[in-house]
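Enquirer: Before we start, here is the structure in question, set down as structure tokens.
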There are 2 protein chains.
Amino acid sequence: MRDTNRAWYFAARPDGEPTMDSFEFREGDRPDPEDGDLLVRVRYLSVDPYMRGRMRDSASYAEPWAVGDALQGRVVGEVVESESEAYESGDLVTGNGTWADYAVLDADDAAPVDPAVAPPPAYLGVLGMPGRTAYFGLLDVAEPRPGDTVVVSGAAGAVGSTVGQIAKLNGCRVVGFAGTDEKADWLTGDLGFDAAINYETTDDYRAALDDTAPDGVDVYFDNVGGPITDAVFTRLNVDARVAVCGQIAHYNAETTPTGPRKLPSLIAPRARVEGLLVTDYAPRFDAATERLSEWVAAGDLSHRETVVEGLENAPDAFLGLFSGENVGKQVVKVSE
Amino acid sequence: MRDTNRAWYFAARPDGEPTMDSFEFREGDRPDPEDGDLLVRVRYLSVDPYMRGRMRDSASYAEPWAVGDALQGRVVGEVVESESEAYESGDLVTGNGTWADYAVLDADDAAPVDPAVAPPPAYLGVLGMPGRTAYFGLLDVAEPRPGDTVVVSGAAGAVGSTVGQIAKLNGCRVVGFAGTDEKADWLTGDLGFDAAINYETTDDYRAALDDTAPDGVDVYFDNVGGPITDAVFTRLNVDARVAVCGQIAHYNAETTPTGPRKLPSLIAPRARVEGLLVTDYAPRFDAATERLSEWVAAGDLSHRETVVEGLENAPDAFLGLFSGENVGKQVVKVSE
């Protein structure tokens with residue numbers, strides 16, 4: 001076991017698109033777990049788009065990082081020291097940790113990782129927060145009905161890829177927007193989407209929707225915002241439901257972005273648009289994870305993780321989220 | 001009884017703000033009622049903002065008017081010839097008619113007017129479609145809870161003035177936006193609003209909201225859109241509900257209006273935004289009218305009608321809606 005601990009710290013608030021200037025890599029002492037804590041050797045670390053919000057100096061749903069803070073995030077790790085009766089050394093767990101070789105987890109907030117169900121990094125994706133976000137956002141907020149046409153933006157990401165498959169399991173027609181042909185092929189191939197639109201090579205999103213969603217849009221699960229969302233809002237059916245999960249196209253904007261006004265287009269279809277935060281569903285997390293695990297085990301829910309090797313490359317993995325480098329869940333492999 | 005009938009026809013689709021060029025006044029024969037119809041002498045005629053949408057050559061929630069059509073709208077009139085067993089000559093009724101001295105109403109779609117409950121023009125306002133819009137839009141879509149702060153735009157209009165008072169009856173704090181001091185005084189005086197903001201004389205709507213809605217906004221009932229709505233969206237509380245009833249600020253726009261993007265601001269508060277059309281609630285119209293009538297009779301629901309005299313001035317009354325000339329419901333008095 002290393003005696004020292006490498007970790008990433010938040011060095012400076014970014015202005016617009018983040019760069020390496022926001023990150024500082026330092027070596028220090030291994031942290032000590034307190035009562036109720038677990039010290040884990042981190043195997044995989046999650047980087048997520050919502051972390052861009054934590055880089056701002058303004059209160060939002062996720063607590064802002066202070067400059068100088070250790071960067072936080074979900075991890076999968078092996079317990080090396082347990083101050084909790086719930087886990088013992090050698091257990092594989094997932095929980096809220098830090099971008100580091102070793103992280104201290106609150107045992108109450110940790111959950112076991114079972115490699116027999118899925119490879120450990122899947123516990124940061126389809127069986128982690130992104131999977132639960134997809135589950136509650138689609139089923140509780142968007143309320144898909146069999147026969148509905150469901151459109152997903154960011155469809156090849158960790159959340160979107162799960163949303164589309166759960167919609168298929170519920171008898172929906174599913175159309176996804178993604179940024180490469182490889183991603184689009186994954187959606188319509190392994191994942192069983194009915195259609196995929198490569199937004200980088202498609203000029204007219206409305207026409208593409210008319211081709212792929214000829215009966216209009218009943219549910220829109222939005223991870224992205226921007227011009228894709230503008231187009232989808234012109235194609236909403238009566239009683240359409242829009243779940244606003246993310247708006248990655250706007251996360252780096254330093255002033256309020258402008259675009260076509262959408263409220264006028266909600267009246268004729270009596271559409272409902274609703275923001276969602278997965279943390280609201282915490283009391284039902286275990287039930288969701290169980291259901292998602294069953295689907296994964298049964299082969300009904302495919303997943304993919306894009307793995308960047310090495311803790312030293314964690315900021316690159318994060319920055320790549322904004323250029324869509326990941327297929328499925330983006331993780332960082334910290335140790336074997 | 002006149003033998004001839006004066007009536008307004010739709011002469012040309014407007015480009016941007018409508019003008020008199022869209023209206024043609026012609027004299028013709030009195031129409032004949034068919035089986036199931038009522039011929040009424042029109043007393044009051046309703047002009048409503050949604051009619052701007054009917055002037056467009058595109059399908060929306062209200063059927064577009066064809067150039068050359070008689071202009072349609074809700075009326076209060078006295079039955080002069082009945083082809084229905086439900087009504088007889090001399091009855092005072094309200095229903096879907098035309099901008100004319102005499103109109104043919106479908107008896108199935110008509111309802112009695114009781115001057116003992118409220119003056120006849122109120123049946124085009126608080127006891128008519130605007131009142132029902134306020135009732136269902138607030139109670140069914142926005143779902144106010146006691147203690148909620150409810151903000152209403154277009155608050156001195158037929159819908160908004162009713163919304164605010166129903167919110168007060170439900171134990172809410174109510175803030176209204178209106179365009180003159182006279183309107184603002186009416187809101188905080190007769191109508192019992194907790195505060196009113198004159199949007200014509202207020203520069204900083206966000207600051208005005210911080211003063212009048214210091215605990216943030218739980219419910220926003222939007223009749224207007226534009227900069228008022230932009231400000232309210234920055235003050236939404238967790239679980240806020242926005243009912244999108246009208247967007248009069250944008251009805252004359254010939255291209256899609258742009259403004260600050262609102263979807264990013266829905267995530268942190270998990271706000272719900274929903275379009276509404278009163279016609280969806282048709283099966284419950286009678287119950288709503290009964291409830292509204294009780295409130296009016298008990299003095300719990302104040303109402304005001306702005307009356308333009310003379311059928312020949314009906315287009316002026318309509319055009320005045322877009323400059324906010326009306327306090328309460330705008331009607332046209334066609335005959336005694």
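Each chain of the structure tokens is named A, B, ... in the order shown, its residues numbered from 1; ligands are numbered from 1 in display order.
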According to DSSP computed on the backbone, where in range 101-259 of chain A is there strand (DSSP E)? Give the residues as a PyMOL selection string.
Expert: chain A and resi 102-106+111-112+149-152+173-178+195-198+217-222+236-244+258-259
Enquirer: Both chains have the same sequence, so superpose chain A on chain B over all Cα atoms paired in order and return it as a compact mmCIF listing (two decimals) with C-alpha atoms, in the first residue's frame.
Expert:
# COMPACT_ATOMS: atom_id res chain seq x y z
CA MET A 1 -86.54 44.19 -34.40
CA ARG A 2 -84.07 45.13 -37.13
CA ASP A 3 -84.60 43.18 -40.31
CA THR A 4 -81.03 43.55 -41.33
CA ASN A 5 -77.96 42.49 -39.46
CA ARG A 6 -74.66 44.33 -39.17
CA ALA A 7 -71.65 42.05 -38.74
CA TRP A 8 -67.86 42.14 -38.73
CA TYR A 9 -65.88 39.98 -41.14
CA PHE A 10 -62.24 38.96 -41.25
CA ALA A 11 -60.83 40.97 -44.16
CA ALA A 12 -57.09 40.19 -44.19
CA ARG A 13 -54.48 38.42 -42.10
CA PRO A 14 -52.42 40.93 -40.14
CA ASP A 15 -48.66 41.11 -40.33
CA GLY A 16 -47.49 41.84 -36.79
CA GLU A 17 -49.79 44.08 -34.76
CA PRO A 18 -53.31 43.93 -36.20
CA THR A 19 -54.95 47.06 -37.57
CA MET A 20 -58.39 47.98 -38.88
CA ASP A 21 -57.31 46.49 -42.23
CA SER A 22 -58.20 43.07 -40.85
CA PHE A 23 -61.83 44.03 -40.26
CA GLU A 24 -64.74 44.70 -42.56
CA PHE A 25 -68.18 45.84 -41.40
CA ARG A 26 -71.07 44.76 -43.61
CA GLU A 27 -74.83 44.81 -43.43
CA GLY A 28 -76.74 41.75 -44.54
CA ASP A 29 -79.74 39.62 -43.76
CA ARG A 30 -80.62 38.37 -40.35
CA PRO A 31 -79.49 34.72 -40.11
CA ASP A 32 -82.05 31.94 -39.75
CA PRO A 33 -81.70 29.49 -36.88
CA GLU A 34 -81.82 25.79 -37.77
CA ASP A 35 -83.02 22.94 -35.62
CA GLY A 36 -81.28 23.09 -32.24
CA ASP A 37 -80.25 26.71 -32.75
CA LEU A 38 -81.13 29.95 -31.03
CA LEU A 39 -81.30 33.29 -32.77
CA VAL A 40 -80.25 35.92 -30.25
CA ARG A 41 -80.12 39.66 -30.29
CA VAL A 42 -76.59 40.27 -29.09
CA ARG A 43 -76.27 42.45 -26.02
CA TYR A 44 -72.60 41.98 -25.20
CA LEU A 45 -69.76 40.58 -27.23
CA SER A 46 -66.43 39.31 -25.92
CA VAL A 47 -63.07 40.20 -27.45
CA ASP A 48 -60.14 38.10 -26.23
CA PRO A 49 -56.38 37.99 -26.78
CA TYR A 50 -56.47 34.38 -28.02
CA MET A 51 -58.36 35.63 -31.09
CA ARG A 52 -55.03 36.93 -32.41
CA GLY A 53 -54.06 33.28 -32.90
CA ARG A 54 -57.18 32.69 -35.00
CA MET A 55 -55.95 35.38 -37.39
CA ARG A 56 -52.94 33.25 -38.34
CA ASP A 57 -52.95 30.83 -41.21
CA SER A 58 -51.66 27.95 -39.11
CA ALA A 59 -53.36 25.34 -37.04
CA SER A 60 -53.22 25.94 -33.32
CA TYR A 61 -55.56 25.25 -30.46
CA ALA A 62 -58.22 27.58 -31.85
CA GLU A 63 -59.33 27.02 -35.42
CA PRO A 64 -57.94 29.71 -37.72
CA TRP A 65 -60.40 32.17 -39.22
CA ALA A 66 -60.55 32.08 -43.01
CA VAL A 67 -60.41 35.44 -44.73
CA GLY A 68 -64.00 36.37 -45.41
CA ASP A 69 -65.35 34.57 -42.33
CA ALA A 70 -67.71 36.23 -39.92
CA LEU A 71 -65.73 36.96 -36.75
CA GLN A 72 -66.68 34.63 -33.96
CA GLY A 73 -66.74 35.03 -30.22
CA ARG A 74 -68.69 34.51 -27.04
CA VAL A 75 -71.79 36.65 -26.66
CA VAL A 76 -74.56 37.39 -24.21
CA GLY A 77 -77.88 37.84 -25.95
CA GLU A 78 -81.62 37.65 -25.72
CA VAL A 79 -83.32 34.81 -27.52
CA VAL A 80 -85.57 36.15 -30.27
CA GLU A 81 -86.24 32.84 -31.99
CA SER A 82 -85.71 29.41 -30.49
CA GLU A 83 -85.43 26.12 -32.36
CA SER A 84 -84.64 24.32 -29.13
CA GLU A 85 -86.83 23.16 -26.28
CA ALA A 86 -84.22 24.29 -23.79
CA TYR A 87 -84.84 28.01 -24.27
CA GLU A 88 -87.63 30.33 -25.28
CA SER A 89 -87.89 33.83 -26.63
CA GLY A 90 -86.88 36.42 -24.09
CA ASP A 91 -84.37 34.17 -22.31
CA LEU A 92 -80.99 35.69 -21.67
CA VAL A 93 -78.22 33.28 -22.68
CA THR A 94 -74.51 33.12 -23.38
CA GLY A 95 -72.78 31.05 -26.04
CA ASN A 96 -70.56 31.04 -29.13
CA GLY A 97 -71.80 33.67 -31.54
CA THR A 98 -70.54 36.24 -33.99
CA TRP A 99 -69.58 39.92 -33.92
CA ALA A 100 -73.03 40.97 -35.08
CA ASP A 101 -76.38 42.45 -34.10
CA TYR A 102 -77.94 39.01 -34.35
CA ALA A 103 -76.16 35.73 -33.89
CA VAL A 104 -77.09 32.07 -34.15
CA LEU A 105 -76.07 29.99 -31.12
CA ASP A 106 -76.01 26.23 -30.74
CA ALA A 107 -78.45 25.67 -27.86
CA ASP A 108 -76.41 22.70 -26.61
CA ASP A 109 -73.45 24.98 -26.18
CA ALA A 110 -75.40 27.87 -24.62
CA ALA A 111 -75.97 28.54 -20.94
CA PRO A 112 -78.48 30.69 -19.11
CA VAL A 113 -77.55 34.15 -17.83
CA ASP A 114 -79.01 35.13 -14.48
CA PRO A 115 -78.87 38.90 -13.88
CA ALA A 116 -79.67 38.25 -10.22
CA VAL A 117 -76.24 36.62 -9.80
CA ALA A 118 -74.20 39.15 -11.76
CA PRO A 119 -74.69 41.74 -14.51
CA PRO A 120 -74.88 40.09 -17.95
CA PRO A 121 -71.38 41.12 -19.17
CA ALA A 122 -69.87 39.24 -16.21
CA TYR A 123 -70.97 36.09 -18.03
CA LEU A 124 -68.27 36.86 -20.58
CA GLY A 125 -65.69 37.40 -17.82
CA VAL A 126 -65.61 36.06 -14.31
CA LEU A 127 -68.58 33.74 -14.99
CA GLY A 128 -67.48 32.94 -18.53
CA MET A 129 -64.49 31.40 -20.24
CA PRO A 130 -61.93 33.70 -18.56
CA GLY A 131 -63.25 32.81 -15.10
CA ARG A 132 -63.14 29.11 -15.88
CA THR A 133 -59.64 29.49 -17.32
CA ALA A 134 -58.53 31.09 -14.06
CA TYR A 135 -60.28 28.43 -12.02
CA PHE A 136 -58.85 25.36 -13.73
CA GLY A 137 -55.51 26.91 -14.57
CA LEU A 138 -54.84 27.88 -11.01
CA LEU A 139 -56.42 25.00 -9.13
CA ASP A 140 -55.69 22.10 -11.49
CA VAL A 141 -52.45 23.15 -13.16
CA ALA A 142 -50.70 25.39 -10.63
CA GLU A 143 -52.05 23.62 -7.54
CA PRO A 144 -51.56 26.39 -4.99
CA ARG A 145 -51.06 25.45 -1.36
CA PRO A 146 -51.85 27.69 1.61
CA GLY A 147 -48.87 29.92 2.32
CA ASP A 148 -47.59 29.80 -1.26
CA THR A 149 -46.52 33.00 -2.93
CA VAL A 150 -48.45 33.28 -6.19
CA VAL A 151 -47.35 35.75 -8.87
CA VAL A 152 -49.73 36.66 -11.69
CA SER A 153 -48.89 38.53 -14.89
CA GLY A 154 -51.66 40.36 -16.70
CA ALA A 155 -53.13 40.52 -13.23
CA ALA A 156 -55.74 43.17 -13.96
CA GLY A 157 -57.13 41.28 -16.93
CA ALA A 158 -60.18 39.06 -16.91
CA VAL A 159 -58.21 35.89 -16.18
CA GLY A 160 -55.49 37.34 -13.96
CA SER A 161 -57.82 39.25 -11.67
CA THR A 162 -59.78 36.07 -11.03
CA VAL A 163 -56.64 33.95 -10.55
CA GLY A 164 -55.31 36.25 -7.86
CA GLN A 165 -58.55 36.28 -5.92
CA ILE A 166 -58.95 32.50 -6.05
CA ALA A 167 -55.36 32.23 -4.81
CA LYS A 168 -56.26 34.53 -1.90
CA LEU A 169 -59.28 32.33 -1.14
CA ASN A 170 -56.79 29.44 -0.95
CA GLY A 171 -54.60 31.16 1.62
CA CYS A 172 -51.81 32.35 -0.68
CA ARG A 173 -49.76 35.53 -0.76
CA VAL A 174 -50.54 37.14 -4.13
CA VAL A 175 -48.47 39.56 -6.20
CA GLY A 176 -49.73 40.92 -9.51
CA PHE A 177 -48.07 42.64 -12.44
CA ALA A 178 -50.22 45.27 -14.16
CA GLY A 179 -49.60 48.21 -16.48
CA THR A 180 -51.11 51.26 -14.76
CA ASP A 181 -51.32 52.64 -11.23
CA GLU A 182 -55.10 52.49 -11.49
CA LYS A 183 -54.91 48.76 -12.18
CA ALA A 184 -52.37 48.22 -9.41
CA ASP A 185 -54.62 50.06 -6.95
CA TRP A 186 -57.57 47.92 -7.97
CA LEU A 187 -55.53 44.77 -7.33
CA THR A 188 -54.36 45.74 -3.86
CA GLY A 189 -57.66 47.47 -3.01
CA ASP A 190 -60.88 45.77 -4.08
CA LEU A 191 -59.21 42.50 -5.04
CA GLY A 192 -57.11 42.02 -1.91
CA PHE A 193 -53.79 41.26 -3.63
CA ASP A 194 -50.87 41.56 -1.21
CA ALA A 195 -48.84 43.60 -3.68
CA ALA A 196 -48.93 44.89 -7.23
CA ILE A 197 -46.08 45.91 -9.51
CA ASN A 198 -46.69 48.51 -12.23
CA TYR A 199 -44.49 47.07 -14.96
CA GLU A 200 -44.59 50.30 -16.95
CA THR A 201 -43.03 52.38 -14.21
CA THR A 202 -40.77 49.72 -12.67
CA ASP A 203 -37.28 49.29 -14.13
CA ASP A 204 -35.99 46.31 -12.21
CA TYR A 205 -38.56 43.52 -12.04
CA ARG A 206 -36.24 41.25 -10.08
CA ALA A 207 -35.76 43.84 -7.37
CA ALA A 208 -39.50 44.46 -7.33
CA LEU A 209 -40.06 40.74 -6.82
CA ASP A 210 -37.51 40.67 -4.01
CA ASP A 211 -39.52 43.43 -2.31
CA THR A 212 -42.98 41.98 -2.87
CA ALA A 213 -42.23 38.23 -2.87
CA PRO A 214 -39.34 38.04 -0.40
CA ASP A 215 -39.77 34.30 0.10
CA GLY A 216 -39.56 33.57 -3.63
CA VAL A 217 -42.21 32.37 -6.04
CA ASP A 218 -44.10 29.12 -5.55
CA VAL A 219 -46.68 29.61 -8.29
CA TYR A 220 -46.48 31.77 -11.39
CA PHE A 221 -49.60 32.20 -13.49
CA ASP A 222 -48.40 33.62 -16.77
CA ASN A 223 -50.68 35.49 -19.16
CA VAL A 224 -48.00 37.66 -20.71
CA GLY A 225 -44.48 36.27 -21.28
CA GLY A 226 -41.59 38.59 -22.11
CA PRO A 227 -39.43 40.41 -19.55
CA ILE A 228 -41.87 39.93 -16.65
CA THR A 229 -41.69 36.18 -17.12
CA ASP A 230 -37.92 36.34 -17.52
CA ALA A 231 -37.67 37.97 -14.10
CA VAL A 232 -40.08 35.62 -12.37
CA PHE A 233 -38.16 32.57 -13.62
CA THR A 234 -35.10 33.75 -11.69
CA ARG A 235 -37.09 33.68 -8.46
CA LEU A 236 -38.72 30.23 -8.55
CA ASN A 237 -38.71 28.23 -5.35
CA VAL A 238 -38.16 24.50 -5.08
CA ASP A 239 -41.21 22.69 -6.49
CA ALA A 240 -42.48 25.87 -8.12
CA ARG A 241 -45.32 25.50 -10.61
CA VAL A 242 -45.79 27.73 -13.64
CA ALA A 243 -49.11 27.71 -15.49
CA VAL A 244 -48.67 29.10 -19.01
CA CYS A 245 -52.07 30.46 -19.88
CA GLY A 246 -51.20 33.21 -22.33
CA GLN A 247 -48.22 34.99 -23.85
CA ILE A 248 -49.80 38.20 -25.09
CA ALA A 249 -46.41 39.93 -25.33
CA HIS A 250 -45.58 37.57 -28.20
CA TYR A 251 -48.91 37.18 -30.00
CA ASN A 252 -48.07 39.75 -32.65
CA ALA A 253 -44.56 38.38 -33.34
CA GLU A 254 -44.17 37.13 -36.89
CA THR A 255 -40.94 35.28 -36.16
CA THR A 256 -40.13 33.16 -33.11
CA PRO A 257 -39.22 35.59 -30.35
CA THR A 258 -35.98 35.05 -28.48
CA GLY A 259 -35.14 35.60 -24.84
CA PRO A 260 -33.17 34.18 -21.94
CA ARG A 261 -33.18 30.40 -21.97
CA LYS A 262 -35.31 29.09 -19.14
CA LEU A 263 -34.70 25.35 -19.08
CA PRO A 264 -31.38 25.69 -17.21
CA SER A 265 -33.18 27.55 -14.44
CA LEU A 266 -35.72 24.74 -13.95
CA ILE A 267 -33.28 22.14 -12.66
CA ALA A 268 -32.23 23.52 -9.28
CA PRO A 269 -35.84 24.27 -8.20
CA ARG A 270 -37.24 21.18 -9.96
CA ALA A 271 -39.86 23.56 -11.28
CA ARG A 272 -42.79 22.43 -13.39
CA VAL A 273 -44.02 24.54 -16.30
CA GLU A 274 -47.23 23.55 -18.01
CA GLY A 275 -49.36 24.95 -20.80
CA LEU A 276 -53.10 25.04 -20.30
CA LEU A 277 -56.22 25.20 -22.42
CA VAL A 278 -59.53 25.64 -20.69
CA THR A 279 -61.33 23.49 -23.25
CA ASP A 280 -59.70 20.42 -21.70
CA TYR A 281 -61.91 20.95 -18.67
CA ALA A 282 -65.24 21.11 -20.52
CA PRO A 283 -66.78 18.23 -18.54
CA ARG A 284 -66.34 20.29 -15.37
CA PHE A 285 -67.42 23.70 -16.72
CA ASP A 286 -70.80 23.68 -14.99
CA ALA A 287 -69.25 22.87 -11.63
CA ALA A 288 -66.73 25.67 -12.04
CA THR A 289 -69.35 28.21 -13.06
CA GLU A 290 -71.46 27.23 -10.06
CA ARG A 291 -68.52 27.70 -7.69
CA LEU A 292 -67.53 31.00 -9.27
CA SER A 293 -71.15 32.19 -9.05
CA GLU A 294 -71.24 31.36 -5.36
CA TRP A 295 -68.07 33.34 -4.76
CA VAL A 296 -69.42 36.29 -6.74
CA ALA A 297 -72.76 36.16 -4.92
CA ALA A 298 -70.98 36.01 -1.55
CA GLY A 299 -68.84 39.02 -2.42
CA ASP A 300 -65.65 36.93 -2.31
CA LEU A 301 -64.86 37.45 -5.97
CA SER A 302 -64.86 40.96 -7.40
CA HIS A 303 -64.99 41.59 -11.11
CA ARG A 304 -64.92 44.49 -13.47
CA GLU A 305 -65.83 44.84 -17.12
CA THR A 306 -64.51 47.49 -19.45
CA VAL A 307 -67.34 48.26 -21.85
CA VAL A 308 -66.87 49.70 -25.32
CA GLU A 309 -70.19 50.97 -26.66
CA GLY A 310 -71.42 49.96 -30.07
CA LEU A 311 -70.85 47.02 -32.39
CA GLU A 312 -69.11 49.39 -34.80
CA ASN A 313 -66.32 49.80 -32.23
CA ALA A 314 -65.67 46.09 -31.66
CA PRO A 315 -62.34 46.03 -33.55
CA ASP A 316 -61.10 48.96 -31.45
CA ALA A 317 -61.96 47.01 -28.32
CA PHE A 318 -60.00 44.04 -29.64
CA LEU A 319 -56.99 46.11 -30.67
CA GLY A 320 -56.97 47.78 -27.26
CA LEU A 321 -56.25 44.43 -25.60
CA PHE A 322 -52.68 44.60 -26.89
CA SER A 323 -52.05 47.97 -25.31
CA GLY A 324 -53.73 46.96 -22.05
CA GLU A 325 -56.66 49.37 -22.29
CA ASN A 326 -58.96 47.08 -20.38
CA VAL A 327 -59.37 46.75 -16.65
CA GLY A 328 -60.90 43.35 -16.05
CA LYS A 329 -62.88 41.89 -18.91
CA GLN A 330 -63.10 43.78 -22.18
CA VAL A 331 -66.57 43.58 -23.71
CA VAL A 332 -68.50 45.38 -26.41
CA LYS A 333 -72.03 46.53 -25.73
CA VAL A 334 -74.06 45.83 -28.84
CA SER A 335 -77.59 46.58 -27.64
CA GLU A 336 -79.53 47.46 -24.50
Enquirer: Would you mind writing down, as a ChimeraX atom specification, each residue of range 80-328 of chain B that DSSP on the backbone assigns to alpha helix (DSSP H)?
Expert: /B:129-136,158-169,181-188,205-212,226-232,264-267,285-297,314-320
